[in-house]
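Participant: File query.txt below, compact mmCIF, N, CA and C atoms:
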```
# COMPACT_ATOMS: atom_id res chain seq x y z
N MET A 1 7.49 95.53 -177.54
CA MET A 1 8.59 95.06 -176.77
C MET A 1 9.49 94.24 -177.69
N LEU A 2 10.77 94.52 -177.66
CA LEU A 2 11.73 93.77 -178.45
C LEU A 2 12.52 92.85 -177.52
N LYS A 3 12.61 91.57 -177.88
CA LYS A 3 13.35 90.60 -177.08
C LYS A 3 14.60 90.18 -177.83
N ASP A 4 15.61 89.85 -177.06
CA ASP A 4 16.89 89.39 -177.61
C ASP A 4 17.45 90.40 -178.61
N VAL A 5 17.59 91.64 -178.15
CA VAL A 5 18.15 92.69 -179.00
C VAL A 5 19.64 92.41 -179.18
N GLU A 6 20.04 92.28 -180.42
CA GLU A 6 21.43 91.98 -180.77
C GLU A 6 22.24 93.27 -180.93
N ARG A 7 21.59 94.29 -181.53
CA ARG A 7 22.32 95.52 -181.85
C ARG A 7 21.34 96.67 -182.01
N LEU A 8 21.75 97.86 -181.60
CA LEU A 8 20.95 99.08 -181.78
C LEU A 8 21.91 100.18 -182.23
N ASN A 9 21.51 100.90 -183.26
CA ASN A 9 22.29 102.03 -183.72
C ASN A 9 21.35 103.21 -183.88
N SER A 10 21.62 104.27 -183.14
CA SER A 10 20.78 105.45 -183.18
C SER A 10 21.66 106.68 -183.36
N LEU A 11 21.26 107.55 -184.28
CA LEU A 11 22.03 108.74 -184.56
C LEU A 11 21.08 109.93 -184.66
N ASN A 12 21.33 110.95 -183.86
CA ASN A 12 20.52 112.18 -183.86
C ASN A 12 19.04 111.92 -183.61
N PHE A 13 18.73 110.89 -182.85
CA PHE A 13 17.36 110.57 -182.48
C PHE A 13 17.09 111.30 -181.17
N LYS A 14 16.30 112.38 -181.23
CA LYS A 14 16.17 113.27 -180.08
C LYS A 14 14.72 113.54 -179.73
N GLU A 15 14.55 114.02 -178.51
CA GLU A 15 13.23 114.45 -178.06
C GLU A 15 12.73 115.53 -179.03
N GLY A 16 11.49 115.43 -179.40
CA GLY A 16 10.91 116.39 -180.31
C GLY A 16 10.89 115.94 -181.75
N ASN A 17 11.64 114.86 -182.07
CA ASN A 17 11.58 114.32 -183.43
C ASN A 17 10.16 113.82 -183.70
N ILE A 18 9.73 114.00 -184.91
CA ILE A 18 8.45 113.46 -185.36
C ILE A 18 8.77 112.15 -186.05
N ILE A 19 8.12 111.08 -185.63
CA ILE A 19 8.36 109.78 -186.26
C ILE A 19 7.49 109.68 -187.50
N PHE A 20 8.14 109.57 -188.67
CA PHE A 20 7.43 109.48 -189.93
C PHE A 20 6.96 108.07 -190.21
N GLU A 21 7.80 107.07 -189.90
CA GLU A 21 7.41 105.69 -190.14
C GLU A 21 8.24 104.75 -189.29
N ILE A 22 7.67 103.58 -189.05
CA ILE A 22 8.35 102.48 -188.40
C ILE A 22 8.25 101.31 -189.35
N VAL A 23 9.40 100.74 -189.71
CA VAL A 23 9.44 99.67 -190.71
C VAL A 23 9.97 98.40 -190.06
N LEU A 24 9.22 97.31 -190.19
CA LEU A 24 9.67 96.01 -189.73
C LEU A 24 10.32 95.29 -190.90
N VAL A 25 11.58 94.90 -190.72
CA VAL A 25 12.32 94.19 -191.74
C VAL A 25 12.45 92.74 -191.29
N LYS A 26 11.78 91.84 -191.98
CA LYS A 26 11.80 90.42 -191.62
C LYS A 26 13.16 89.81 -191.97
N PRO A 27 13.50 88.67 -191.36
CA PRO A 27 14.82 88.07 -191.60
C PRO A 27 15.15 87.86 -193.08
N ASP A 28 14.19 87.46 -193.87
CA ASP A 28 14.46 87.22 -195.30
C ASP A 28 14.58 88.52 -196.10
N GLU A 29 14.23 89.66 -195.49
CA GLU A 29 14.34 90.96 -196.15
C GLU A 29 15.55 91.76 -195.67
N LEU A 30 16.28 91.22 -194.68
CA LEU A 30 17.45 91.89 -194.13
C LEU A 30 18.55 91.97 -195.18
N THR A 31 19.09 93.16 -195.40
CA THR A 31 20.10 93.35 -196.45
C THR A 31 21.46 93.70 -195.84
N LEU A 32 22.47 93.66 -196.70
CA LEU A 32 23.80 94.10 -196.26
C LEU A 32 23.78 95.56 -195.83
N ALA A 33 22.97 96.37 -196.48
CA ALA A 33 22.87 97.79 -196.11
C ALA A 33 22.39 97.94 -194.67
N HIS A 34 21.44 97.11 -194.24
CA HIS A 34 20.98 97.15 -192.85
C HIS A 34 22.13 96.82 -191.90
N ILE A 35 22.89 95.78 -192.23
CA ILE A 35 24.00 95.35 -191.38
C ILE A 35 25.08 96.43 -191.30
N VAL A 36 25.39 97.04 -192.43
CA VAL A 36 26.39 98.12 -192.46
C VAL A 36 25.94 99.26 -191.55
N GLN A 37 24.66 99.61 -191.62
CA GLN A 37 24.13 100.69 -190.77
C GLN A 37 24.13 100.28 -189.30
N LEU A 38 23.70 99.07 -189.00
CA LEU A 38 23.62 98.61 -187.61
C LEU A 38 24.98 98.57 -186.93
N TYR A 39 25.97 98.06 -187.64
CA TYR A 39 27.30 97.88 -187.05
C TYR A 39 28.27 99.00 -187.42
N ASP A 40 27.78 99.99 -188.16
CA ASP A 40 28.59 101.13 -188.58
C ASP A 40 29.91 100.66 -189.20
N ILE A 41 29.77 99.77 -190.19
CA ILE A 41 30.92 99.14 -190.85
C ILE A 41 31.37 99.99 -192.03
N GLU A 42 32.67 100.16 -192.15
CA GLU A 42 33.23 100.87 -193.30
C GLU A 42 33.10 100.01 -194.54
N LEU A 43 32.96 100.64 -195.68
CA LEU A 43 32.80 99.92 -196.94
C LEU A 43 33.97 98.98 -197.23
N ALA A 44 35.15 99.29 -196.72
CA ALA A 44 36.32 98.45 -196.96
C ALA A 44 36.22 97.10 -196.25
N LYS A 45 35.28 96.99 -195.32
CA LYS A 45 35.14 95.76 -194.54
C LYS A 45 33.90 94.97 -194.99
N ALA A 46 33.75 94.81 -196.28
CA ALA A 46 32.59 94.13 -196.85
C ALA A 46 32.51 92.68 -196.39
N GLU A 47 33.64 92.03 -196.21
CA GLU A 47 33.65 90.63 -195.78
C GLU A 47 33.04 90.48 -194.39
N LEU A 48 33.36 91.41 -193.49
CA LEU A 48 32.78 91.40 -192.15
C LEU A 48 31.27 91.60 -192.22
N ALA A 49 30.83 92.53 -193.05
CA ALA A 49 29.39 92.79 -193.21
C ALA A 49 28.67 91.54 -193.71
N GLU A 50 29.26 90.86 -194.66
CA GLU A 50 28.64 89.64 -195.20
C GLU A 50 28.56 88.55 -194.14
N GLN A 51 29.60 88.43 -193.32
CA GLN A 51 29.60 87.43 -192.25
C GLN A 51 28.50 87.75 -191.22
N LEU A 52 28.40 89.00 -190.80
CA LEU A 52 27.36 89.40 -189.85
C LEU A 52 25.97 89.24 -190.44
N HIS A 53 25.83 89.51 -191.73
CA HIS A 53 24.56 89.35 -192.43
C HIS A 53 24.13 87.89 -192.42
N ASP A 54 25.06 87.00 -192.75
CA ASP A 54 24.76 85.56 -192.74
C ASP A 54 24.37 85.09 -191.35
N GLU A 55 25.09 85.54 -190.33
CA GLU A 55 24.79 85.16 -188.94
C GLU A 55 23.40 85.64 -188.53
N ALA A 56 23.05 86.87 -188.88
CA ALA A 56 21.74 87.42 -188.54
C ALA A 56 20.62 86.61 -189.19
N LYS A 57 20.82 86.23 -190.45
CA LYS A 57 19.81 85.43 -191.15
C LYS A 57 19.69 84.04 -190.53
N GLN A 58 20.82 83.42 -190.18
CA GLN A 58 20.79 82.10 -189.56
C GLN A 58 20.08 82.13 -188.21
N LEU A 59 20.25 83.22 -187.47
CA LEU A 59 19.60 83.36 -186.17
C LEU A 59 18.15 83.81 -186.29
N GLY A 60 17.70 84.14 -187.50
CA GLY A 60 16.32 84.58 -187.70
C GLY A 60 16.05 85.96 -187.12
N LEU A 61 17.05 86.82 -187.16
CA LEU A 61 16.89 88.16 -186.60
C LEU A 61 16.17 89.08 -187.58
N SER A 62 15.39 89.98 -187.01
CA SER A 62 14.67 91.00 -187.78
C SER A 62 15.25 92.36 -187.43
N ALA A 63 14.85 93.37 -188.17
CA ALA A 63 15.27 94.74 -187.86
C ALA A 63 14.03 95.63 -187.77
N LEU A 64 14.12 96.64 -186.94
CA LEU A 64 13.08 97.64 -186.82
C LEU A 64 13.73 98.99 -187.12
N GLU A 65 13.24 99.65 -188.16
CA GLU A 65 13.75 100.97 -188.54
C GLU A 65 12.76 102.03 -188.07
N ILE A 66 13.27 103.01 -187.36
CA ILE A 66 12.44 104.14 -186.94
C ILE A 66 12.97 105.35 -187.68
N ASN A 67 12.14 105.96 -188.50
CA ASN A 67 12.56 107.08 -189.35
C ASN A 67 11.90 108.37 -188.86
N PRO A 68 12.65 109.15 -188.05
CA PRO A 68 12.11 110.40 -187.53
C PRO A 68 12.52 111.60 -188.39
N SER A 69 12.02 112.75 -188.00
CA SER A 69 12.36 114.00 -188.67
C SER A 69 13.75 114.48 -188.28
N TYR A 70 14.19 115.53 -188.93
CA TYR A 70 15.44 116.24 -188.62
C TYR A 70 16.68 115.37 -188.79
N GLY A 71 16.65 114.41 -189.72
CA GLY A 71 17.85 113.66 -190.03
C GLY A 71 18.23 112.58 -189.05
N GLY A 72 17.41 112.32 -188.06
CA GLY A 72 17.72 111.27 -187.11
C GLY A 72 17.46 109.90 -187.71
N GLU A 73 18.08 108.89 -187.12
CA GLU A 73 17.83 107.53 -187.56
C GLU A 73 18.00 106.58 -186.39
N CYS A 74 17.29 105.48 -186.45
CA CYS A 74 17.38 104.46 -185.43
C CYS A 74 17.04 103.12 -186.07
N ILE A 75 17.91 102.12 -185.84
CA ILE A 75 17.66 100.78 -186.35
C ILE A 75 18.06 99.79 -185.26
N ILE A 76 17.24 98.77 -185.10
CA ILE A 76 17.43 97.79 -184.03
C ILE A 76 17.37 96.39 -184.64
N LEU A 77 18.33 95.55 -184.28
CA LEU A 77 18.36 94.15 -184.73
C LEU A 77 17.93 93.29 -183.55
N PHE A 78 16.92 92.44 -183.74
CA PHE A 78 16.34 91.69 -182.62
C PHE A 78 15.76 90.36 -183.10
N ARG A 79 15.38 89.52 -182.11
CA ARG A 79 14.82 88.21 -182.44
C ARG A 79 13.28 88.22 -182.40
N GLU A 80 12.67 88.83 -181.37
CA GLU A 80 11.22 88.76 -181.23
C GLU A 80 10.62 90.13 -180.98
N LEU A 81 9.41 90.32 -181.49
CA LEU A 81 8.64 91.54 -181.30
C LEU A 81 7.32 91.16 -180.65
N GLY A 82 6.94 91.89 -179.61
CA GLY A 82 5.67 91.60 -178.96
C GLY A 82 5.03 92.87 -178.44
N ILE A 83 3.74 92.77 -178.13
CA ILE A 83 3.01 93.88 -177.54
C ILE A 83 2.58 93.45 -176.16
N LEU A 84 2.86 94.29 -175.17
CA LEU A 84 2.52 93.96 -173.79
C LEU A 84 1.01 94.09 -173.60
N PRO A 85 0.40 93.14 -172.90
CA PRO A 85 -1.04 93.22 -172.63
C PRO A 85 -1.36 94.49 -171.84
N GLY A 86 -2.48 95.11 -172.19
CA GLY A 86 -2.92 96.29 -171.47
C GLY A 86 -2.29 97.58 -171.95
N HIS A 87 -1.39 97.51 -172.94
CA HIS A 87 -0.78 98.71 -173.47
C HIS A 87 -1.40 99.03 -174.83
N VAL A 88 -1.67 100.29 -175.05
CA VAL A 88 -2.30 100.72 -176.28
C VAL A 88 -1.26 101.43 -177.14
N LEU A 89 -1.20 101.06 -178.39
CA LEU A 89 -0.34 101.77 -179.34
C LEU A 89 -1.15 102.90 -179.94
N SER A 90 -0.63 104.10 -179.89
CA SER A 90 -1.37 105.23 -180.48
C SER A 90 -0.45 106.11 -181.27
```
Would you write out, as C-alpha cells, the structure that this file holds?
Facilitator:
Amino acid sequence: MLKDVERLNSLNFKEGNIIFEIVLVKPDELTLAHIVQLYDIELAKAELAEQLHDEAKQLGLSALEINPSYGGECIILFRELGILPGHVLS
C-alpha cells in the first residue's frame, strides 16, 4: 500500500505484462532522471526538474519503479510504503 502518493506516471502498462522487477528508490537515491520521468518534463525545463527534485527530497518522498515486459513503464512518487495485514505477496 502506498500512502501520500504525490505523482504516478505509467506508459504502456497493460494487462498481460510480465513484471520483471520492482525497485524501491529511497529519498536519498532519488535522481533528476526519476523526476523527469515522473513529471514528463522536457529537457529544456531543467530548472523545474531541479526544483521538483529538491522538494521531493525535502518531503522525504520515495519512488517505486515497476519494470514490466513489452516496453511498459510505471513509476510512483510517494511518502510511505506498507503491507496490509492478512495480505500475502506472491
Participant: Have a look at atom CA of A:Phe13 and atom CA of A:Glu73 and let me know their distance in Å, one decimal.
Facilitator: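 Spanning atom CA of A:Phe13 to atom CA of A:Glu73 is a straight-line distance of 5.9 Å.
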Participant: Within 5 Å of (20.2, 92.0, -182.7) (file coordinates; all atoms listed in the file), which protein or nucleic acid residues are there? I'd like them as a ChimeraX atom specification.
Facilitator: /A:5-7,77-78
Participant: At a cut-off of 9 Å from (16.1, 98.7, -189.3) in the coordinates of the file, what residues are picked up using only C-alpha atoms, written as a PyMOL selection string?
Facilitator: chain A and resi 8-9+22-25+30+34-35+37-38+62-66+74-77
Participant: Please return, as a list in words, all residues of stretch 15-61 of chain A that DSSP assigns to strand (DSSP E) on the basis of the backbone.
Facilitator: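 For stretch 15-61 of chain A, the strand (DSSP E) set is Ile19, Phe20, Glu21, Ile22, Val23, Leu24 and Val25 of chain A.
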Participant: Near stretch 47-55 of chain A, counting only C-alpha atoms, which residues have an atom at most 7 Å away, once you skip same-chain residues fewer than 5 positions from it, shown as JSON, numbers by chain?
Facilitator: {"A": [32, 35, 36, 41]}
Participant: With N, CA and C atoms retained, write the just-selected residues as a PDB file, keeping the file's coordinate frame.
Facilitator:
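The resulting result-v2.pdb:
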```pdb
ATOM      1  N   LEU A  32      22.470  93.660-196.700  1.00  0.00           N
ATOM      2  CA  LEU A  32      23.800  94.100-196.260  1.00  0.00           C
ATOM      3  C   LEU A  32      23.780  95.560-195.830  1.00  0.00           C
ATOM      4  N   ILE A  35      22.890  95.780-192.230  1.00  0.00           N
ATOM      5  CA  ILE A  35      24.000  95.350-191.380  1.00  0.00           C
ATOM      6  C   ILE A  35      25.080  96.430-191.300  1.00  0.00           C
ATOM      7  N   VAL A  36      25.390  97.040-192.430  1.00  0.00           N
ATOM      8  CA  VAL A  36      26.390  98.120-192.460  1.00  0.00           C
ATOM      9  C   VAL A  36      25.940  99.260-191.550  1.00  0.00           C
ATOM     10  N   ILE A  41      29.770  99.770-190.190  1.00  0.00           N
ATOM     11  CA  ILE A  41      30.920  99.140-190.850  1.00  0.00           C
ATOM     12  C   ILE A  41      31.370  99.990-192.030  1.00  0.00           C
TER      13      ILE A  41
END
```
Participant: Hey, can you check how far atom CA of A:Tyr39 sits from atom CA of A:Lys3?
Facilitator: 18.6 Å
